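Asks: Before I ask anything, let me first share the structure, which is written out below as structure tokens.
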Amino acid sequence: ALATPHSYAEQQALNIAHRGASGYAPEHTIPSYELGDQMGGDYIEIDLQMTKDGHLIAMHDETLDRTTNGTGKVKDHTLAEIKRLDAGSWFNKEYPQYAKPEYKGLKVPTLDEILDRFGTDHKYYIETKAPEVYPGMEEKLLDTLKKHGLLTKSALENKRVIIQSFSKESLKKVHNLNADIPLVQLLWYEQNQKGEITDAELNDIAQYAIGVGPNYEKIDQAYVQKVRDKGLKIHPYTVNKQSEMKKLLEWGVTGMFTNFPDKLEEMLNKQ
Ligand code: G3P
Ligand code: CA
């Protein structure tokens with residue numbers, strides 16, 4: 001029989017503000033991250049891309065098209081070019097119910113700027129996106145974290161930064177550079193696939209990571225229990241409905257990614 005999730009009683013599940021409070025504000029902009037923080041987010045989730053001139057910026061897509069008024073690949077543009085773009089107006093058009101005049105003209109932030117703004121008393125959950133497209137991305141990330149005081153002994157112990165990726169290679173690269181940084185292996189299960197994870201996979205992941213991040217739709221209670229029985233964390237993405245949040249919390253997940261951190265905070269406070 002499945003053990004009750006309550007047998008795992010420990011600290012509260014983590015509220016990971018996915019691209020900030022991106023349900024309410026333009027993803028990966030400073031106001032989105034600020035709102036995520038105000039709404040109870042424990043971690044600011046950041047997707048990284050790298051510009052032509054080697055700057056790390058916060059953006060989900062490899063292209064500028066969806067979230068700015070620019071076009072083309074990030075890797076083909078310099079930071080100066082990207083800084084001229086409007087990263088907020090698309091949101092006002094797409095989500096008129098949450099539109100705000102001040103979102104117009106927002107800039108794409110660099111990782112440096114985000115860490116300057118939020119400092120060492122916030123927590124960051126950073127994804128290396130498309131690392132195969134950006135050689136040197138991991139080194140640059142670690143240099144930036146170090147510069148901002150986020151790789152000190154106490155920062156590492158407090159898990160100020162978690163690095164996540166779908167790319168095992170990228171995580172292993174980070175692990176080889178600094179084995180003390182907590183890592184999370186992201187996993188994706190196709191629509192027609194049942195979310196299943198073998199002991200061998202979990203044993204392998206446990207060699208370099210503290211946990212896994214699967215898409216929540218394809219997992220069940222047995223999956224959550226199997227991961228936790230290995231002593232690994234499980235942070236499913238991207239959970240936006242309170243009914244789903246409740247179910248996952250009952251299954252014993254140790255955190256989740258959400259575009260609506262206020263909704264998750266409400267569910268956590270009910271526990
Ligand atoms: O990082 C967790 C989740 O964000 C992974 O999917 O595509 O939203 O980055 P994506
Ligand atoms: Ca992500």
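Every chain in the structure tokens takes a letter, A first, then B, and so on in the order presented; its residues are numbered from 1, and the ligands are numbered from 1 following the presented order.
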Could the residues that lie within 10 Å of ligand 2, counting only C-alpha atoms and all ligand atoms, be listed as a list in words?

Replies: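 Residues satisfying the distance criterion: His18, Arg19, Glu45, Ile46, Asp47, Leu48, Met59, His60, Asp61, Tyr125, Ile126, Glu127, Thr128, Lys129, Gln164, Ser165, Phe166, Leu186, Gly213, Tyr237, Thr238 and Phe257 of chain A.
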
Asks: Can you pull out the residues contacting Glu81 of chain A? Cut-off 12 Å, using only C-alpha atoms, and skip same-chain residues under 5 positions away; I want them as a ChimeraX atom specification.

Replies: /A:51-53,55,64,68-76,86,107-108

Asks: Please produce an output containing N, CA and C atoms for each residue in the selection, written as a PDB file, in the first residue's frame.

Replies:
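The resulting file, out22.pdb, is shown below:
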```
ATOM      1  N   THR A  51      23.141  36.137 -25.135  1.00  0.00           N
ATOM      2  CA  THR A  51      23.184  37.017 -26.307  1.00  0.00           C
ATOM      3  C   THR A  51      24.431  36.728 -27.163  1.00  0.00           C
ATOM      4  N   LYS A  52      24.420  37.317 -28.346  1.00  0.00           N
ATOM      5  CA  LYS A  52      25.547  37.162 -29.280  1.00  0.00           C
ATOM      6  C   LYS A  52      26.868  37.574 -28.644  1.00  0.00           C
ATOM      7  N   ASP A  53      26.798  38.602 -27.789  1.00  0.00           N
ATOM      8  CA  ASP A  53      28.029  39.072 -27.131  1.00  0.00           C
ATOM      9  C   ASP A  53      28.203  38.494 -25.725  1.00  0.00           C
ATOM     10  N   HIS A  55      26.139  37.791 -23.024  1.00  0.00           N
ATOM     11  CA  HIS A  55      25.448  38.166 -21.785  1.00  0.00           C
ATOM     12  C   HIS A  55      24.296  37.199 -21.514  1.00  0.00           C
ATOM     13  N   LEU A  64      13.157  35.969 -29.988  1.00  0.00           N
ATOM     14  CA  LEU A  64      12.630  37.182 -29.358  1.00  0.00           C
ATOM     15  C   LEU A  64      11.145  37.389 -29.638  1.00  0.00           C
ATOM     16  N   THR A  68       8.725  39.834 -27.015  1.00  0.00           N
ATOM     17  CA  THR A  68       9.191  41.209 -27.266  1.00  0.00           C
ATOM     18  C   THR A  68       8.648  41.668 -28.626  1.00  0.00           C
ATOM     19  N   ASN A  69       8.939  42.910 -28.979  1.00  0.00           N
ATOM     20  CA  ASN A  69       8.553  43.394 -30.316  1.00  0.00           C
ATOM     21  C   ASN A  69       9.691  43.181 -31.319  1.00  0.00           C
ATOM     22  N   GLY A  70      10.675  42.348 -30.954  1.00  0.00           N
ATOM     23  CA  GLY A  70      11.749  42.012 -31.885  1.00  0.00           C
ATOM     24  C   GLY A  70      11.501  40.679 -32.564  1.00  0.00           C
ATOM     25  N   THR A  71      12.397  40.306 -33.449  1.00  0.00           N
ATOM     26  CA  THR A  71      12.292  39.002 -34.109  1.00  0.00           C
ATOM     27  C   THR A  71      13.678  38.372 -34.205  1.00  0.00           C
ATOM     28  N   GLY A  72      13.669  37.068 -34.377  1.00  0.00           N
ATOM     29  CA  GLY A  72      14.929  36.350 -34.587  1.00  0.00           C
ATOM     30  C   GLY A  72      15.472  35.760 -33.294  1.00  0.00           C
ATOM     31  N   LYS A  73      16.629  35.121 -33.460  1.00  0.00           N
ATOM     32  CA  LYS A  73      17.205  34.395 -32.340  1.00  0.00           C
ATOM     33  C   LYS A  73      17.959  35.299 -31.369  1.00  0.00           C
ATOM     34  N   VAL A  74      17.884  34.943 -30.097  1.00  0.00           N
ATOM     35  CA  VAL A  74      18.652  35.669 -29.070  1.00  0.00           C
ATOM     36  C   VAL A  74      20.135  35.621 -29.416  1.00  0.00           C
ATOM     37  N   LYS A  75      20.606  34.460 -29.835  1.00  0.00           N
ATOM     38  CA  LYS A  75      22.050  34.289 -30.056  1.00  0.00           C
ATOM     39  C   LYS A  75      22.588  35.124 -31.227  1.00  0.00           C
ATOM     40  N   ASP A  76      21.680  35.636 -32.044  1.00  0.00           N
ATOM     41  CA  ASP A  76      22.101  36.481 -33.173  1.00  0.00           C
ATOM     42  C   ASP A  76      22.019  37.977 -32.847  1.00  0.00           C
ATOM     43  N   ASP A  86      10.782  46.106 -26.430  1.00  0.00           N
ATOM     44  CA  ASP A  86       9.688  46.226 -25.462  1.00  0.00           C
ATOM     45  C   ASP A  86       9.251  44.813 -25.069  1.00  0.00           C
ATOM     46  N   LYS A 107      11.914  46.337 -20.064  1.00  0.00           N
ATOM     47  CA  LYS A 107      13.113  45.811 -20.742  1.00  0.00           C
ATOM     48  C   LYS A 107      13.371  44.360 -20.353  1.00  0.00           C
ATOM     49  N   VAL A 108      14.045  43.648 -21.233  1.00  0.00           N
ATOM     50  CA  VAL A 108      14.520  42.293 -20.939  1.00  0.00           C
ATOM     51  C   VAL A 108      15.649  42.423 -19.912  1.00  0.00           C
TER      52      VAL A 108
END
```

Asks: Can you pull out every residue within 7 Å of Val212 of chain A, counting only C-alpha atoms, but drop anything in the same chain fewer than 2 positions away, and send it as a ChimeraX atom specification?

Replies: /A:184-186,214,233-235

Asks: Residues of the last selection are to be written out with N, CA, C and O atoms, as a PDB file, in the first residue's frame.

Replies:
```
ATOM      1  N   VAL A 184      18.499  20.383 -10.043  1.00  0.00           N
ATOM      2  CA  VAL A 184      17.249  19.652 -10.282  1.00  0.00           C
ATOM      3  C   VAL A 184      17.164  19.245 -11.756  1.00  0.00           C
ATOM      4  O   VAL A 184      17.330  20.083 -12.656  1.00  0.00           O
ATOM      5  N   GLN A 185      16.940  17.963 -11.949  1.00  0.00           N
ATOM      6  CA  GLN A 185      16.803  17.424 -13.313  1.00  0.00           C
ATOM      7  C   GLN A 185      15.345  17.572 -13.758  1.00  0.00           C
ATOM      8  O   GLN A 185      14.443  16.975 -13.176  1.00  0.00           O
ATOM      9  N   LEU A 186      15.135  18.394 -14.783  1.00  0.00           N
ATOM     10  CA  LEU A 186      13.787  18.526 -15.340  1.00  0.00           C
ATOM     11  C   LEU A 186      13.499  17.334 -16.238  1.00  0.00           C
ATOM     12  O   LEU A 186      14.399  16.811 -16.907  1.00  0.00           O
ATOM     13  N   PRO A 214       9.243  17.109 -12.955  1.00  0.00           N
ATOM     14  CA  PRO A 214       8.489  16.560 -14.083  1.00  0.00           C
ATOM     15  C   PRO A 214       7.282  17.447 -14.434  1.00  0.00           C
ATOM     16  O   PRO A 214       6.835  18.234 -13.587  1.00  0.00           O
ATOM     17  N   LYS A 233      13.983  15.425  -3.945  1.00  0.00           N
ATOM     18  CA  LYS A 233      12.895  16.400  -4.004  1.00  0.00           C
ATOM     19  C   LYS A 233      12.122  16.209  -5.297  1.00  0.00           C
ATOM     20  O   LYS A 233      12.679  15.729  -6.297  1.00  0.00           O
ATOM     21  N   ILE A 234      10.865  16.660  -5.276  1.00  0.00           N
ATOM     22  CA  ILE A 234      10.078  16.630  -6.512  1.00  0.00           C
ATOM     23  C   ILE A 234       9.283  17.929  -6.636  1.00  0.00           C
ATOM     24  O   ILE A 234       8.454  18.247  -5.786  1.00  0.00           O
ATOM     25  N   HIS A 235       9.598  18.663  -7.704  1.00  0.00           N
ATOM     26  CA  HIS A 235       8.984  19.968  -7.971  1.00  0.00           C
ATOM     27  C   HIS A 235       8.308  19.943  -9.346  1.00  0.00           C
ATOM     28  O   HIS A 235       8.935  20.315 -10.348  1.00  0.00           O
TER      29      HIS A 235
END
```

Asks: Would you please extract all helix (DSSP H, G or I) residues from segment 116-218 of chain A, as assigned by DSSP on the backbone, and give them as a VMD selection string?

Replies: chain A and resid 116 to 121 131 to 133 137 to 147 153 to 157 168 to 177 199 to 206 216 to 218

Asks: Excluding Pro31 of chain A and any residue of its chain fewer than 2 positions from it, enumerate the residues within 12 Å of it, using only C-alpha atoms, and give them as a count of residues only.

Replies: 30
